[in-house]
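Let me begin by presenting the structure, written as structure tokens, before commenting on it.
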Amino acid sequence: MNAYLQFKSVSKHFGRVMALREVDLSVEPGQIIALLGPNGAGKSTLFGCLLGLLRPSQGEILLNGAQIVDADRLCVGYLPERIALYPQRSAWDNGLFFTGLRGGSADELKRQLKRVGLGAVADRPVRHLSKGMLQRLGLAIALCGEPDLLVLDEPFNGLDPALLDGLQAILREENERGATLLISTHTISAITPLATHAAILLRGRLAAFGALEELSARHGGVPLETIYHQTARQAHQIEPEEICA
Amino acid sequence: MNNSESVIAPTPGCAPSEKAARTAANQSAPAVVSKARGSVSLSKQISAIALKEFNDRFRSGWVIACALVWLGAIALTSLFGLVQIGRIGVQGYERTVASLLNLVQYLVPLLALLLGHDLIVSEREERTLSLLLAGGVSRARLLFGKFLGGCLALAFPLTLGFVIAGTVIGLSAKDKAVVPFVVLALSGLMLGIVFLALGLLISALCRTRVQALVCALLTWCVAVFAFDLIAMGVVVAANSTQAAREIEMATDATHVTSIADVHKAFEGADDTATRIVAERSRNVAAWLAVNPVDLFRAVNLPGSANVAVPAWLVALSVSSWLIGTLGLAAWKLRRTDL
């Protein structure tokens, strides 16, 4: 049977630099995948390929067994690492525009803004919002329309503990609703209570992937953070810095 | 800290569950959640992008400034168009058209290129393009929406200027022969739309706004000033005397360099345009069709100049420019990594 989302030998190079090397990854519905890796490992590139922002140099990405196309991405909610919106427009206008493009309604946006705690500042221009507020506005936009797949790039960056708890709770609710989550992060402590699976990317290659319990058992019952560090160390010893020929 | 800064509210009643339980629950979730649950109609996405583009230009004051500049230019041209021969006052439609011809052929392509050159590249520089495209908007829809929005932002001030000026001229000069003025307005709008498409292509090709602005200004210089010289140079260099003579005739006939001369043509006097046109050949029209600015001049020359360009050639030239530039822009945008 086909997986819900499948990366099949996906490679991407920028000139001579290989950003992704034959990544094979299968995601089942309802999983929460923690995508881990150091800076430059290819996490954002993988998301870029999935979201149609980058064209894979090789391989294909399948959704429900068929090559993913633009129309499929209407069911994908995306929160980029550094959200960029129209600064002169209000949070509400920005939200309405981006969710409108995906067929979302004003009521839905209102509900999501309230959910992320931005109901009171919806009419404020985006240029006057703090970084945390922008992040939450991006999350509200991503959540509109109850997407089947949520792709979140470093969502825990710069959040205080209270906001972090709130975000984790929202992500849990989304997962319980049936959404599949793909979350890239460096904050392993924040993703550990959420993730069902982890994928570790190192220099564009998928170094490890599996359910958390399975990965932990493979590494002698250690926590995810230790697994990540062990995998990174092993990969570094095996394969020094490479440049595409 | 703002109150809203600290409140992310999970939906009430949704108690956090154990991860193991969640995993188990997810195992029993439907194998396939959905495949593109619904689709947003083509027109909805395109109109949302176009309206946003127009609203942004309106809010920034571009549309109003453009309308004022345009209205002022038409008014001044109509009032002072005959100052070289000692007349001041509102002229009739036909004389206003002759006076406006130079203004439109220089100003409209410039306005259109200035509007079009940053339609894509600005979104790319400000990183909003990623969020747009990641949300299921295809690149072709984005391009078409941007183009339509640009057309609205260009057509609104131009039309406003033509309608107000046309009404004032008609009432003041008590002139009812409005056809040449309408032709000028429509062909001017079409000229603007063709150059807007060119601007959009530049915007899709360039990596930065500065790069796009330089390319847009160069394009304007080539189309408005350099094309005729280059074409003549090429033909003369190729020793085609007959063709060179034809191009010279075409450029002489279509460049309105002396307002007084053109007005003489209206008054039926023996002038250069009439003499040249008597010798023209069909090749002239073909040369004119290559450059939209030349085509615009030819379409709006007074009947006595007789530089007739067949309607099919006008349609072919305009549609080729539009399809060519937009097609190339779509191709480039589809191949662009963000």
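FYI, nothing fancy with the structure tokens labels: chains A, B, ... in order, residues from 1 per chain, ligands from 1 as they appear.
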For chain A against chain B, with a cut-off of 6 Å and counting only C-alpha atoms, what is the closest atom pair and its distance in Å to one decimal for every residue that makes the cut, ordered by chain and number, as CSV?
```
residue,atom,partner,partner_atom,distance
A:Gly30,CA,B:Asn26,CA,5.1
A:Leu51,CA,B:Ala134,CA,5.1
A:Leu53,CA,B:Leu338,CA,5.3
A:Leu54,CA,B:Asp337,CA,4.7
A:Asp70,CA,B:Gly136,CA,4.8
A:Ala71,CA,B:Gly136,CA,5.5
A:Asp72,CA,B:Ala36,CA,4.5
A:Arg73,CA,B:Gly136,CA,4.5
A:Leu74,CA,B:Gly136,CA,4.6
A:Cys75,CA,B:Ala36,CA,5.8
A:Ala84,CA,B:Thr128,CA,5.3
A:Leu85,CA,B:Thr128,CA,5.8
A:Leu101,CA,B:Gln45,CA,5.4
A:Gly103,CA,B:Val40,CA,5.5
A:Arg115,CA,B:Ala9,CA,5.2
A:Val116,CA,B:Ile8,CA,4.5
A:Gly117,CA,B:Ile8,CA,4.9
A:Leu118,CA,B:Ser4,CA,5.9
A:Gly166,CA,B:Ile8,CA,4.7
A:Ala169,CA,B:Pro10,CA,5.7
A:Ile170,CA,B:Pro10,CA,5.3
```
Since we have the selection now, will you write its residues out, keeping N, CA and C atoms, as an mmCIF file, in the first residue's frame?
```
data_model
loop_
_atom_site.group_PDB
_atom_site.id
_atom_site.type_symbol
_atom_site.label_atom_id
_atom_site.label_comp_id
_atom_site.auth_asym_id
_atom_site.auth_seq_id
_atom_site.Cartn_x
_atom_site.Cartn_y
_atom_site.Cartn_z
ATOM 1 N N GLY A 30 -1.231 10.807 10.268
ATOM 2 C CA GLY A 30 -1.313 10.939 11.724
ATOM 3 C C GLY A 30 0.023 10.905 12.437
ATOM 4 N N LEU A 51 7.030 21.573 -0.833
ATOM 5 C CA LEU A 51 6.062 22.667 -1.005
ATOM 6 C C LEU A 51 6.080 23.264 -2.410
ATOM 7 N N LEU A 53 8.550 24.885 -3.809
ATOM 8 C CA LEU A 53 9.384 26.092 -3.924
ATOM 9 C C LEU A 53 10.695 25.763 -4.625
ATOM 10 N N LEU A 54 11.114 24.518 -4.533
ATOM 11 C CA LEU A 54 12.341 24.056 -5.194
ATOM 12 C C LEU A 54 11.993 22.856 -6.058
ATOM 13 N N ASP A 70 0.377 21.300 -7.429
ATOM 14 C CA ASP A 70 0.005 22.519 -6.698
ATOM 15 C C ASP A 70 -1.339 22.374 -5.970
ATOM 16 N N ALA A 71 -2.326 21.758 -6.633
ATOM 17 C CA ALA A 71 -3.661 21.653 -6.025
ATOM 18 C C ALA A 71 -3.613 20.865 -4.717
ATOM 19 N N ASP A 72 -2.696 19.882 -4.617
ATOM 20 C CA ASP A 72 -2.573 19.101 -3.378
ATOM 21 C C ASP A 72 -2.126 19.970 -2.215
ATOM 22 N N ARG A 73 -1.398 21.025 -2.555
ATOM 23 C CA ARG A 73 -0.809 21.853 -1.484
ATOM 24 C C ARG A 73 -1.846 22.756 -0.826
ATOM 25 N N LEU A 74 -3.077 22.753 -1.364
ATOM 26 C CA LEU A 74 -4.152 23.485 -0.685
ATOM 27 C C LEU A 74 -4.439 22.842 0.668
ATOM 28 N N CYS A 75 -4.092 21.558 0.816
ATOM 29 C CA CYS A 75 -4.332 20.846 2.070
ATOM 30 C C CYS A 75 -3.074 20.784 2.927
ATOM 31 N N ALA A 84 7.428 35.841 6.370
ATOM 32 C CA ALA A 84 7.436 37.148 5.708
ATOM 33 C C ALA A 84 6.022 37.456 5.230
ATOM 34 N N LEU A 85 5.459 38.555 5.740
ATOM 35 C CA LEU A 85 4.111 38.957 5.348
ATOM 36 C C LEU A 85 4.165 40.383 4.806
ATOM 37 N N LEU A 101 -6.651 32.439 -0.428
ATOM 38 C CA LEU A 101 -6.063 31.749 -1.584
ATOM 39 C C LEU A 101 -6.231 30.233 -1.465
ATOM 40 N N GLY A 103 -8.852 28.930 0.037
ATOM 41 C CA GLY A 103 -10.282 28.659 0.183
ATOM 42 C C GLY A 103 -10.786 28.779 1.605
ATOM 43 N N ARG A 115 -7.351 31.486 18.706
ATOM 44 C CA ARG A 115 -6.710 30.285 19.239
ATOM 45 C C ARG A 115 -5.233 30.520 19.538
ATOM 46 N N VAL A 116 -4.560 31.301 18.672
ATOM 47 C CA VAL A 116 -3.133 31.546 18.900
ATOM 48 C C VAL A 116 -2.907 32.813 19.740
ATOM 49 N N GLY A 117 -4.003 33.417 20.208
ATOM 50 C CA GLY A 117 -3.883 34.562 21.108
ATOM 51 C C GLY A 117 -3.644 35.883 20.416
ATOM 52 N N LEU A 118 -4.085 36.006 19.169
ATOM 53 C CA LEU A 118 -3.879 37.270 18.443
ATOM 54 C C LEU A 118 -5.196 37.987 18.138
ATOM 55 N N GLY A 166 1.798 26.354 24.943
ATOM 56 C CA GLY A 166 0.593 26.608 24.145
ATOM 57 C C GLY A 166 0.718 26.024 22.756
ATOM 58 N N ALA A 169 0.467 22.306 22.755
ATOM 59 C CA ALA A 169 -0.920 21.865 22.944
ATOM 60 C C ALA A 169 -1.703 21.963 21.632
ATOM 61 N N ILE A 170 -1.477 23.053 20.909
ATOM 62 C CA ILE A 170 -2.182 23.228 19.626
ATOM 63 C C ILE A 170 -1.768 22.137 18.637
#
```
For region 27-107 of chain A against region 143-153 of chain A, with a cut-off of 6 Å and counting only C-alpha atoms, what is the closest atom pair and its distance in Å to one decimal for every residue that makes the cut, ordered by chain and number, as a tab-separated table?
```
residue	atom	partner	partner_atom	distance
A:Cys75	CA	A:Pro147	CA	4.7
A:Val76	CA	A:Leu149	CA	4.8
A:Gly77	CA	A:Leu150	CA	4.7
A:Tyr78	CA	A:Val151	CA	4.8
A:Leu79	CA	A:Leu152	CA	4.8
A:Pro80	CA	A:Asp153	CA	5.1
A:Glu81	CA	A:Asp153	CA	4.8
A:Gly104	CA	A:Gly145	CA	5.3
```
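Nearest to Ala65 (chain B) of all the residues B:Val222, B:Ala153, B:Ala173, B:Ala308 is B:Ala153, based on only C-alpha atoms.
Of the listed residues B:Leu103, B:Leu316, B:Ala112, B:Leu205, the one whose atoms come nearest to Ala73 (chain B) is B:Leu103, with distances taken using only C-alpha atoms.
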Which neighbours of Lys110 (chain A) fall inside 9 Å, counting only C-alpha atoms, when residues of the same chain fewer than 6 positions from it are skipped, and could you give them as a PDB file with N, CA and C atoms, in the first residue's frame?
```pdb
ATOM      1  N   TRP A  92      -5.006  40.887  10.186  1.00  0.00           N
ATOM      2  CA  TRP A  92      -6.268  40.355   9.642  1.00  0.00           C
ATOM      3  C   TRP A  92      -6.230  40.305   8.116  1.00  0.00           C
ATOM      4  N   GLY A 119      -6.287  37.515  18.754  1.00  0.00           N
ATOM      5  CA  GLY A 119      -7.587  38.105  18.474  1.00  0.00           C
ATOM      6  C   GLY A 119      -7.617  39.610  18.709  1.00  0.00           C
ATOM      7  N   ALA A 122      -5.582  41.873  15.850  1.00  0.00           N
ATOM      8  CA  ALA A 122      -5.779  41.511  14.438  1.00  0.00           C
ATOM      9  C   ALA A 122      -5.744  42.718  13.511  1.00  0.00           C
TER      10      ALA A 122
END
```
Quick one: contact table of region 14-127 of chain A to region 210-221 of chain A, 12 Å max, nearest atom pair and distance in Å to one decimal per residue, counting only C-alpha atoms, chain and number order, as JSON lines?
```
{"residue": "A:Leu25", "atom": "CA", "partner": "A:Gly210", "partner_atom": "CA", "distance": 9.8}
{"residue": "A:Ser26", "atom": "CA", "partner": "A:Gly210", "partner_atom": "CA", "distance": 9.9}
{"residue": "A:Val27", "atom": "CA", "partner": "A:Gly210", "partner_atom": "CA", "distance": 10.1}
{"residue": "A:Glu28", "atom": "CA", "partner": "A:Ala211", "partner_atom": "CA", "distance": 11.4}
{"residue": "A:Gln31", "atom": "CA", "partner": "A:Ala211", "partner_atom": "CA", "distance": 9.3}
{"residue": "A:Ile32", "atom": "CA", "partner": "A:Ala211", "partner_atom": "CA", "distance": 9.6}
{"residue": "A:Ile33", "atom": "CA", "partner": "A:Ala211", "partner_atom": "CA", "distance": 8.7}
{"residue": "A:Ala34", "atom": "CA", "partner": "A:Leu212", "partner_atom": "CA", "distance": 9.5}
{"residue": "A:Leu35", "atom": "CA", "partner": "A:Gly210", "partner_atom": "CA", "distance": 11.0}
```
Would you put the residues from that selection into a file with C-alpha atoms, as a tab-separated table (two decimals), in the first residue's frame?
```tsv
chain	number	residue	atom	x	y	z
A	25	LEU	CA	11.16	8.85	3.51
A	26	SER	CA	7.66	7.47	3.99
A	27	VAL	CA	5.14	9.21	6.19
A	28	GLU	CA	1.89	7.59	7.31
A	31	GLN	CA	2.41	10.69	12.37
A	32	ILE	CA	4.37	13.53	13.91
A	33	ILE	CA	7.80	13.51	12.31
A	34	ALA	CA	10.62	15.41	13.99
A	35	LEU	CA	13.08	16.38	11.28
```
(request) Could you please determine the separation between CA of Trp312 (chain B) and CA of Leu326 (chain B) in Å, to one decimal place? (result) 20.8 Å
(request) Give me the residues within 12 Å of Leu119 (chain B) as a ChimeraX atom specification, counting only C-alpha atoms and dropping any in the same chain fewer than 6 places off. (result) /B:49-50,52-54,56-57,112-113,125-126,128-129,142-151,153,196-206,208-209,212-213,329
Would you export the selected residues with C-alpha atoms as a compact mmCIF listing (two decimals), in the first residue's frame, please?
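Dumped everything to result_35.txt:
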```txt
# COMPACT_ATOMS: atom_id res chain seq x y z
CA ILE B 49 -4.08 38.22 -6.31
CA ALA B 50 -5.17 40.85 -8.85
CA LYS B 52 -4.54 42.68 -3.74
CA GLU B 53 -2.11 44.07 -6.29
CA PHE B 54 -4.49 46.87 -7.26
CA ASP B 56 -1.56 47.85 -2.77
CA ARG B 57 -0.93 50.30 -5.63
CA ALA B 112 3.82 50.46 -17.55
CA LEU B 113 7.43 49.31 -17.20
CA GLU B 125 13.01 39.88 -2.33
CA GLU B 126 10.60 40.23 0.59
CA THR B 128 6.32 36.60 0.54
CA LEU B 129 6.48 34.65 -2.72
CA LEU B 142 0.24 33.90 -9.69
CA LEU B 143 1.65 35.41 -12.88
CA PHE B 144 -1.77 35.92 -14.44
CA GLY B 145 -3.15 37.43 -11.23
CA LYS B 146 -0.21 39.82 -11.03
CA PHE B 147 -0.66 40.76 -14.68
CA LEU B 148 -4.38 41.45 -14.23
CA GLY B 149 -3.72 43.49 -11.08
CA GLY B 150 -1.08 45.49 -12.95
CA CYS B 151 -3.50 46.05 -15.84
CA ALA B 153 -3.54 49.67 -11.71
CA LEU B 196 3.27 45.91 -18.61
CA ALA B 197 3.71 42.35 -19.88
CA LEU B 198 7.29 43.23 -20.83
CA GLY B 199 7.82 44.63 -17.32
CA LEU B 200 6.43 41.43 -15.82
CA LEU B 201 8.85 39.39 -17.92
CA ILE B 202 11.73 41.55 -16.66
CA SER B 203 10.44 41.04 -13.11
CA ALA B 204 10.43 37.26 -13.57
CA LEU B 205 13.91 37.25 -15.11
CA CYS B 206 15.71 39.51 -12.60
CA THR B 208 16.76 42.06 -7.52
CA ARG B 209 14.57 45.13 -7.83
CA ALA B 212 14.83 44.91 -12.79
CA LEU B 213 14.61 48.70 -12.73
CA ALA B 329 7.71 34.87 -17.95
```
(message) For a quick check of understanding, using only C-alpha atoms, which of B:Met190, B:Val168, B:Val299, B:Leu110 has the smallest distance to Trp220 (chain B)?
(response)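 Distance minimum relative to Trp220 (chain B) lands on B:Leu110.
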(request) Find the residue from A:Val121, A:Ala66, A:Ala232, A:Met133 that sits nearest to Leu206 (chain A); use only C-alpha atoms when measuring. (result)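 Residue with the minimum atom-to-atom distance to Leu206 (chain A): A:Ala232.
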